[in-house]
$ cat entry-v6.cif   # mmCIF, C-alpha atoms
data_start
loop_
_atom_site.label_atom_id
_atom_site.label_comp_id
_atom_site.auth_asym_id
_atom_site.auth_seq_id
_atom_site.Cartn_x
_atom_site.Cartn_y
_atom_site.Cartn_z
CA ALA A 1 -18.81 13.44 -8.57
CA SER A 2 -16.79 10.27 -9.05
CA SER A 3 -13.87 12.21 -10.47
CA MET A 4 -13.95 14.69 -7.57
CA ILE A 5 -14.02 11.87 -5.00
CA GLY A 6 -11.28 10.08 -6.91
CA TYR A 7 -8.89 12.97 -6.90
CA THR A 8 -9.70 13.76 -3.25
CA TYR A 9 -8.73 10.22 -2.22
CA PHE A 10 -5.74 10.42 -4.55
CA LEU A 11 -4.66 13.59 -2.76
CA ALA A 12 -5.21 12.09 0.71
CA TRP A 13 -3.37 8.84 -0.06
CA SER A 14 -0.59 10.63 -1.94
CA VAL A 15 0.01 13.24 0.76
CA SER A 16 -0.04 10.46 3.40
CA PHE A 17 3.47 9.40 2.31
CA TYR A 18 5.04 12.77 3.12
CA PRO A 19 4.57 12.99 6.92
CA GLN A 20 6.65 9.80 7.31
CA VAL A 21 9.34 11.22 5.02
CA ALA A 22 9.35 14.41 7.11
CA THR A 23 9.42 12.44 10.40
CA ASN A 24 12.39 10.38 9.24
CA GLN A 25 14.21 13.50 8.03
CA ARG A 26 13.52 15.48 11.21
CA ARG A 27 14.69 12.66 13.51
CA ARG A 28 17.57 11.59 11.23
CA SER A 29 16.39 8.09 12.04
CA THR A 30 13.89 5.48 10.89
CA ALA A 31 13.63 3.81 14.33
CA GLY A 32 9.97 2.98 14.78
CA LEU A 33 9.39 2.34 11.07
CA SER A 34 9.38 -1.38 10.22
CA THR A 35 11.82 -2.33 7.47
CA ASP A 36 9.75 -5.44 6.70
CA PHE A 37 6.68 -3.28 6.16
CA THR A 38 8.51 -0.68 4.07
CA VAL A 39 10.16 -3.08 1.62
CA VAL A 40 7.14 -5.32 1.03
CA ASN A 41 4.95 -2.20 0.75
CA HIS A 42 7.07 -1.01 -2.18
CA LEU A 43 6.89 -4.43 -3.83
CA GLY A 44 3.11 -4.25 -3.56
CA TYR A 45 3.06 -0.93 -5.36
CA VAL A 46 5.20 -2.38 -8.14
CA CYS A 47 2.42 -4.94 -8.72
CA TYR A 48 -0.37 -2.39 -8.34
CA SER A 49 1.27 0.06 -10.75
CA ALA A 50 1.58 -2.61 -13.44
CA TYR A 51 -2.06 -3.59 -12.88
CA THR A 52 -3.55 -0.10 -13.06
CA VAL A 53 -1.38 1.14 -15.93
CA ALA A 54 -2.23 -1.88 -18.11
CA LEU A 55 -5.97 -1.79 -17.33
CA TYR A 56 -6.11 1.94 -18.06
CA TRP A 57 -3.95 2.21 -21.20
CA SER A 58 -3.70 -1.19 -22.90
CA ASP A 59 -6.15 -1.70 -25.77
CA GLY A 60 -5.42 -5.42 -25.74
CA VAL A 61 -6.34 -5.66 -22.08
CA HIS A 62 -9.51 -3.62 -22.70
CA THR A 63 -10.58 -6.11 -25.36
CA ALA A 64 -9.83 -9.09 -23.13
CA TYR A 65 -11.75 -7.47 -20.26
CA ARG A 66 -14.89 -7.06 -22.39
CA ASP A 67 -14.55 -10.58 -23.72
CA HIS A 68 -14.52 -11.81 -20.13
CA HIS A 69 -17.14 -9.53 -18.55
CA GLY A 70 -19.37 -8.76 -21.55
CA PRO A 71 -19.28 -6.23 -24.42
CA ASP A 72 -20.89 -3.46 -22.34
CA ALA A 73 -18.62 -3.91 -19.31
CA GLU A 74 -16.75 -0.80 -18.27
CA ILE A 75 -13.34 -0.87 -16.62
CA SER A 76 -13.54 1.00 -13.32
CA VAL A 77 -9.85 1.93 -13.19
CA GLN A 78 -9.70 5.74 -13.36
CA SER A 79 -6.88 8.13 -14.19
CA ASN A 80 -6.55 9.00 -10.51
CA ASP A 81 -5.94 5.29 -9.74
CA VAL A 82 -3.00 5.31 -12.14
CA ALA A 83 -1.68 8.60 -10.78
CA PHE A 84 -1.86 7.31 -7.21
CA ALA A 85 -0.18 3.99 -8.02
CA LEU A 86 2.78 5.61 -9.78
CA HIS A 87 3.18 8.28 -7.10
CA ALA A 88 3.05 5.64 -4.36
CA LEU A 89 5.65 3.60 -6.23
CA VAL A 90 8.09 6.52 -6.11
CA LEU A 91 7.39 7.63 -2.52
CA SER A 92 7.53 4.12 -1.08
CA PHE A 93 10.98 3.83 -2.64
CA VAL A 94 11.96 7.11 -0.95
CA TRP A 95 11.13 5.46 2.41
CA ILE A 96 13.49 2.61 1.51
CA LEU A 97 16.22 5.11 0.62
CA GLN A 98 15.79 6.84 3.98
CA ILE A 99 16.09 3.54 5.83
CA PHE A 100 19.30 2.88 3.92
CA ILE A 101 20.69 6.40 4.52
CA TYR A 102 19.91 6.41 8.26
CA GLY A 103 21.25 2.90 8.88
CA GLY A 104 17.90 1.25 9.42
CA PHE A 105 18.85 -1.93 7.60
CA GLU A 106 21.80 -2.39 9.99
CA SER A 107 19.82 -1.77 13.19
CA GLN A 108 16.67 -3.55 11.98
CA PRO A 109 17.49 -5.90 9.06
CA LEU A 110 14.80 -7.67 7.09
CA SER A 111 13.53 -10.70 8.96
CA GLN A 112 14.27 -14.12 7.51
CA PRO A 113 10.58 -14.92 6.84
CA MET A 114 10.18 -11.62 4.99
CA ARG A 115 13.26 -12.32 2.86
CA PHE A 116 11.79 -15.66 1.81
CA ALA A 117 8.38 -14.07 1.16
CA ILE A 118 9.82 -11.30 -1.00
CA ALA A 119 11.94 -13.76 -2.99
CA GLY A 120 8.90 -15.99 -3.49
CA ILE A 121 6.73 -13.10 -4.71
CA ILE A 122 9.37 -11.95 -7.20
CA ILE A 123 9.89 -15.47 -8.54
CA ALA A 124 6.11 -15.99 -8.88
CA CYS A 125 5.60 -12.67 -10.71
CA VAL A 126 8.46 -13.23 -13.14
CA GLY A 127 7.51 -16.87 -13.65
CA GLY A 128 3.87 -15.95 -14.24
CA ALA A 129 4.80 -13.43 -16.92
CA ALA A 130 6.94 -16.05 -18.63
CA LEU A 131 4.06 -18.57 -18.64
CA VAL A 132 1.70 -16.04 -20.22
CA ALA A 133 4.31 -15.05 -22.80
CA VAL A 134 4.62 -18.66 -24.01
CA GLY A 135 0.84 -19.18 -23.94
CA PHE A 136 0.85 -21.79 -21.20
CA ALA A 137 -2.63 -23.29 -20.54
CA GLY A 138 -4.29 -20.48 -22.46
CA LEU A 139 -3.38 -17.89 -19.83
CA SER A 140 -3.90 -14.28 -20.93
CA TRP A 141 -2.34 -11.02 -19.82
CA LEU A 142 -5.66 -10.15 -18.19
CA ASP A 143 -5.32 -13.28 -16.06
CA TYR A 144 -1.79 -12.19 -15.17
CA LEU A 145 -2.95 -8.70 -14.23
CA TYR A 146 -5.65 -10.16 -11.99
CA ALA A 147 -2.95 -12.31 -10.39
CA LEU A 148 -0.87 -9.17 -9.77
CA SER A 149 -3.91 -7.51 -8.19
CA PHE A 150 -4.34 -10.50 -5.85
CA VAL A 151 -0.63 -10.29 -4.98
CA LYS A 152 -1.13 -6.62 -4.12
CA VAL A 153 -4.17 -7.41 -1.95
CA LEU A 154 -2.28 -10.26 -0.26
CA ILE A 155 0.64 -7.95 0.46
CA THR A 156 -1.75 -5.30 1.79
CA VAL A 157 -3.43 -7.85 4.07
CA THR A 158 -0.09 -8.84 5.58
CA LYS A 159 2.24 -5.86 5.19
CA TYR A 160 0.90 -3.91 8.16
CA VAL A 161 1.42 -6.80 10.56
CA PRO A 162 5.17 -6.12 11.11
CA GLN A 163 4.40 -2.46 11.92
CA VAL A 164 1.60 -3.42 14.31
CA LEU A 165 3.93 -5.89 16.05
CA LEU A 166 6.81 -3.38 16.17
CA ASN A 167 4.56 -0.79 17.82
CA ALA A 168 3.39 -3.42 20.30
CA LYS A 169 6.95 -4.57 21.07
CA ARG A 170 8.12 -1.00 21.69
CA LYS A 171 4.82 -0.04 23.37
CA SER A 172 5.04 3.17 21.38
CA THR A 173 4.19 4.66 18.01
CA VAL A 174 7.08 7.16 18.07
CA GLY A 175 8.67 7.13 14.64
CA TRP A 176 5.45 5.97 12.93
CA SER A 177 3.68 9.13 11.73
CA ILE A 178 0.07 9.36 12.87
CA TRP A 179 -0.62 11.85 10.07
CA ASN A 180 0.34 9.14 7.63
CA VAL A 181 -2.31 6.89 9.23
CA THR A 182 -5.01 9.61 9.37
CA LEU A 183 -4.64 10.54 5.71
CA ASP A 184 -4.38 6.86 4.77
CA VAL A 185 -7.73 5.93 6.35
CA MET A 186 -9.37 8.98 4.74
CA GLY A 187 -8.08 7.82 1.36
CA GLY A 188 -9.32 4.29 1.98
CA LEU A 189 -12.84 5.45 2.79
CA LEU A 190 -13.03 7.71 -0.26
CA SER A 191 -11.58 5.06 -2.57
CA MET A 192 -14.23 2.57 -1.46
CA LEU A 193 -16.94 5.20 -1.91
CA GLN A 194 -15.80 6.00 -5.46
CA LEU A 195 -15.78 2.35 -6.50
CA LEU A 196 -19.30 1.77 -5.17
CA LEU A 197 -20.68 4.99 -6.69
CA ASP A 198 -19.13 4.15 -10.08
CA ALA A 199 -20.74 0.71 -9.99
CA ALA A 200 -24.13 2.18 -9.07
CA ASP A 201 -23.87 4.86 -11.76
CA MET A 202 -23.00 2.31 -14.46
CA GLY A 203 -25.61 -0.13 -13.17
CA ASP A 204 -22.88 -2.75 -13.33
CA TRP A 205 -21.83 -4.20 -9.99
CA SER A 206 -19.43 -6.55 -11.77
CA SER A 207 -17.12 -3.52 -11.99
CA VAL A 208 -16.53 -4.01 -8.25
CA THR A 209 -15.49 -7.64 -8.64
CA GLY A 210 -13.63 -6.62 -11.79
CA ASN A 211 -11.47 -4.29 -9.70
CA LEU A 212 -10.85 -6.43 -6.63
CA ALA A 213 -7.45 -4.83 -6.06
CA LYS A 214 -9.01 -1.43 -5.38
CA PHE A 215 -11.80 -2.88 -3.24
CA GLY A 216 -9.45 -5.08 -1.21
CA LEU A 217 -6.85 -2.34 -0.85
CA SER A 218 -9.45 0.05 0.55
CA PHE A 219 -11.03 -2.44 2.98
CA VAL A 220 -7.77 -3.73 4.46
CA THR A 221 -6.30 -0.23 4.70
CA ILE A 222 -9.29 0.96 6.73
CA PHE A 223 -9.06 -2.08 9.05
CA PHE A 224 -5.36 -1.73 9.89
CA ASP A 225 -5.44 2.05 10.14
CA GLY A 226 -8.11 1.55 12.79
CA ILE A 227 -5.61 -0.60 14.73
CA PHE A 228 -2.88 2.05 14.37
CA LEU A 229 -5.23 4.78 15.62
CA LEU A 230 -6.12 2.57 18.60
CA GLN A 231 -2.44 1.99 19.36
CA HIS A 232 -1.57 5.67 19.12
CA TYR A 233 -4.47 7.26 20.97
CA VAL A 234 -5.46 4.53 23.43
CA LEU A 235 -2.96 1.71 24.01
CA TYR A 236 0.35 3.56 23.77
CA LYS A 237 -0.43 7.17 24.58
CA HIS A 238 2.85 8.87 25.24
CA ASP A 239 4.76 12.11 25.47
CA GLU A 240 6.09 12.83 21.98
CA GLU A 241 9.25 14.19 23.58
CA LYS A 242 10.02 10.82 25.20
CA SER A 243 13.59 9.81 24.54
CA VAL A 244 13.80 8.53 20.98
CA ASP A 245 17.13 6.88 21.78
CA VAL A 246 15.53 4.67 24.43
CA LEU A 247 12.68 3.73 22.11
CA ALA A 248 15.07 2.95 19.29
CA LEU A 249 17.12 0.74 21.59
CA ASN A 250 14.03 -1.14 22.76
CA GLY A 251 12.79 -1.54 19.19
CA ASN A 252 16.11 -2.93 17.96
CA LYS A 253 16.72 -5.53 20.65
CA LYS A 254 16.77 -9.06 19.23
#

$ encode --input "entry-v6.cif" --output "structure tokens"
Amino acid sequence: ASSMIGYTYFLAWSVSFYPQVATNQRRRSTAGLSTDFTVVNHLGYVCYSAYTVALYWSDGVHTAYRDHHGPDAEISVQSNDVAFALHALVLSFVWILQIFIYGGFESQPLSQPMRFAIAGIIIACVGGAALVAVGFAGLSWLDYLYALSFVKVLITVTKYVPQVLLNAKRKSTVGWSIWNVTLDVMGGLLSMLQLLLDAADMGDWSSVTGNLAKFGLSFVTIFFDGIFLLQHYVLYKHDEEKSVDVLALNGNKK
């Protein structure tokens, strides 16, 4: 049952990237898609991919995990978690390429705060790896992976804010695919369900706290997707044929 739920949420979350790709391609524009959100979203998946791949495949990390949580502790990272993370890493980069191709970085460049935030995250991640490599303060690679998971959760908590604000500024969700949001919230609900069912099946609720990245990712995703659904269907209901040029102009005003 867990595996079936896992691959269903993997399918929902993975497919959720494609409607935005199709929307950008159809409109030959990324107006309505926040560049701040897109770039920091990709950075988050870099961290999450490293976290899931190491927890799933690294024997050294497995040993450290059991030393920390007990000899009978089971790692709740599943193969579908790894598959999703790597797929998301690739597709989120495709969004960045589309923004570049359609001139989105010229019309809507990264904000100054986001540039500082991205630089800070990269410096912290590289610096953290260096500290672990030299054995600073007894830090282990498991500690580093947990730090990466917290970075991913932190990014997830904040990454949607630029898109929420952009929608509010334009008073429209044109250019931000609602199918992306619908599939995303479905994936979040199923991901949360799988994690809780796995913990109940193993009789080990520490597997939830041992996989905070998955738990946090699911919870925050559900929360912000609820806001996007509210914006699309209630606050900014619109005719989809409304002039995209006008919306793009309004969204790009400084």

$ atom_distance --input "entry-v6.cif" --atom1 "atom CA of Tyr56 of chain A" --atom2 "atom CA of Tyr7 of chain A"
15.9 Å

$ resolve_selection --input "entry-v6.cif" --expression "the PyMOL selection byres ((chain A and resi 169-180) around 9)" --output "mmCIF file with C-alpha atoms, keeping the file's coordinate frame"
data_model
loop_
_atom_site.group_PDB
_atom_site.id
_atom_site.type_symbol
_atom_site.label_atom_id
_atom_site.label_comp_id
_atom_site.auth_asym_id
_atom_site.auth_seq_id
_atom_site.Cartn_x
_atom_site.Cartn_y
_atom_site.Cartn_z
ATOM 1 C CA TRP A 13 -3.370 8.840 -0.060
ATOM 2 C CA VAL A 15 0.010 13.240 0.760
ATOM 3 C CA SER A 16 -0.040 10.460 3.400
ATOM 4 C CA PHE A 17 3.470 9.400 2.310
ATOM 5 C CA TYR A 18 5.040 12.770 3.120
ATOM 6 C CA PRO A 19 4.570 12.990 6.920
ATOM 7 C CA GLN A 20 6.650 9.800 7.310
ATOM 8 C CA THR A 23 9.420 12.440 10.400
ATOM 9 C CA ASN A 24 12.390 10.380 9.240
ATOM 10 C CA ARG A 27 14.690 12.660 13.510
ATOM 11 C CA SER A 29 16.390 8.090 12.040
ATOM 12 C CA THR A 30 13.890 5.480 10.890
ATOM 13 C CA ALA A 31 13.630 3.810 14.330
ATOM 14 C CA GLY A 32 9.970 2.980 14.780
ATOM 15 C CA LEU A 33 9.390 2.340 11.070
ATOM 16 C CA SER A 34 9.380 -1.380 10.220
ATOM 17 C CA GLN A 163 4.400 -2.460 11.920
ATOM 18 C CA VAL A 164 1.600 -3.420 14.310
ATOM 19 C CA LEU A 165 3.930 -5.890 16.050
ATOM 20 C CA LEU A 166 6.810 -3.380 16.170
ATOM 21 C CA ASN A 167 4.560 -0.790 17.820
ATOM 22 C CA ALA A 168 3.390 -3.420 20.300
ATOM 23 C CA VAL A 181 -2.310 6.890 9.230
ATOM 24 C CA THR A 182 -5.010 9.610 9.370
ATOM 25 C CA LEU A 183 -4.640 10.540 5.710
ATOM 26 C CA ASP A 184 -4.380 6.860 4.770
ATOM 27 C CA VAL A 185 -7.730 5.930 6.350
ATOM 28 C CA PHE A 228 -2.880 2.050 14.370
ATOM 29 C CA LEU A 229 -5.230 4.780 15.620
ATOM 30 C CA GLN A 231 -2.440 1.990 19.360
ATOM 31 C CA HIS A 232 -1.570 5.670 19.120
ATOM 32 C CA LEU A 235 -2.960 1.710 24.010
ATOM 33 C CA TYR A 236 0.350 3.560 23.770
ATOM 34 C CA LYS A 237 -0.430 7.170 24.580
ATOM 35 C CA HIS A 238 2.850 8.870 25.240
ATOM 36 C CA GLU A 240 6.090 12.830 21.980
ATOM 37 C CA LYS A 242 10.020 10.820 25.200
ATOM 38 C CA VAL A 244 13.800 8.530 20.980
ATOM 39 C CA LEU A 247 12.680 3.730 22.110
ATOM 40 C CA ALA A 248 15.070 2.950 19.290
ATOM 41 C CA ASN A 250 14.030 -1.140 22.760
ATOM 42 C CA GLY A 251 12.790 -1.540 19.190
#

$ closest_residue --input "entry-v6.cif" --among "A:Ile99, A:Cys47, A:Ile5, A:Ala119" --to "Leu189 of chain A" --atoms "only C-alpha atoms"
A:Ile5

$ residues_around --input "entry-v6.cif" --residues "Tyr45 of chain A" --least-positions-apart "5" --cutoff "9 Å" --atoms "only C-alpha atoms" --output "list in words"
Val40, Ala50, Ala85, Leu86, Ala88, Leu89, Ser92 and Lys152 of chain A

$ resolve_selection --input "entry-v6.cif" --expression "the PyMOL selection byres ((chain A and resi 149) around 7)" --output "list in words"
Cys47, Tyr48, Tyr51, Leu145, Tyr146, Ala147, Leu148, Phe150, Val151, Lys152, Val153 and Ala213 of chain A

$ residues_around --input "entry-v6.cif" --residues "Phe93 of chain A" --least-positions-apart "6" --cutoff "10 Å" --atoms "all atoms listed in the file" --output "list in words"
Thr38, Val39, Asn41, His42, Leu43, Tyr45 and Ile99 of chain A

$ atom_distance --input "entry-v6.cif" --atom1 "atom CA of Leu91 of chain A" --atom2 "atom CA of Tyr144 of chain A"
25.2 Å

$ closest_residue --input "entry-v6.cif" --among "A:Phe37, A:Phe10, A:Tyr102, A:Tyr233" --to "Met186 of chain A" --atoms "only C-alpha atoms"
A:Phe10

$ residues_around --input "entry-v6.cif" --residues "Phe100 of chain A" --least-positions-apart "5" --cutoff "10 Å" --atoms "only C-alpha atoms" --output "PyMOL selection string"
chain A and resi 30+35+94-95+105-106

$ write_last_selection --input "entry-v6.cif" --atoms "C-alpha atoms" --output "PDB file, in the coordinates of the input"
ATOM      1  CA  THR A  30      13.890   5.480  10.890  1.00  0.00           C
ATOM      2  CA  THR A  35      11.820  -2.330   7.470  1.00  0.00           C
ATOM      3  CA  VAL A  94      11.960   7.110  -0.950  1.00  0.00           C
ATOM      4  CA  TRP A  95      11.130   5.460   2.410  1.00  0.00           C
ATOM      5  CA  PHE A 105      18.850  -1.930   7.600  1.00  0.00           C
ATOM      6  CA  GLU A 106      21.800  -2.390   9.990  1.00  0.00           C
TER       7      GLU A 106
END

$ residues_near_point --input "entry-v6.cif" --point "(-7.8, -2.4, -13.4)" --cutoff "6 Å" --atoms "all atoms listed in the file" --output "list in words"
Tyr51, Thr52, Leu55, Val77 and Asn211 of chain A

$ closest_residue --input "entry-v6.cif" --among "A:Leu230, A:Leu11, A:Leu217, A:Val61" --to "Val157 of chain A" --atoms "all atoms listed in the file"
A:Leu217

$ closest_residue --input "entry-v6.cif" --among "A:Gly226, A:Leu110, A:Trp141, A:Ser218" --to "Gly128 of chain A" --atoms "all atoms listed in the file"
A:Trp141

$ atom_distance --input "entry-v6.cif" --atom1 "atom CA of Gly138 of chain A" --atom2 "atom CA of Thr156 of chain A"
28.7 Å

$ residues_around --input "entry-v6.cif" --residues "Ser3 of chain A" --least-positions-apart "4" --cutoff "9 Å" --atoms "all atoms listed in the file" --output "ChimeraX atom specification"
/A:7-8,78-80,194

$ closest_residue --input "entry-v6.cif" --among "A:Leu195, A:Ile123, A:Ala54, A:Leu190" --to "Asp143 of chain A" --atoms "only C-alpha atoms"
A:Ala54
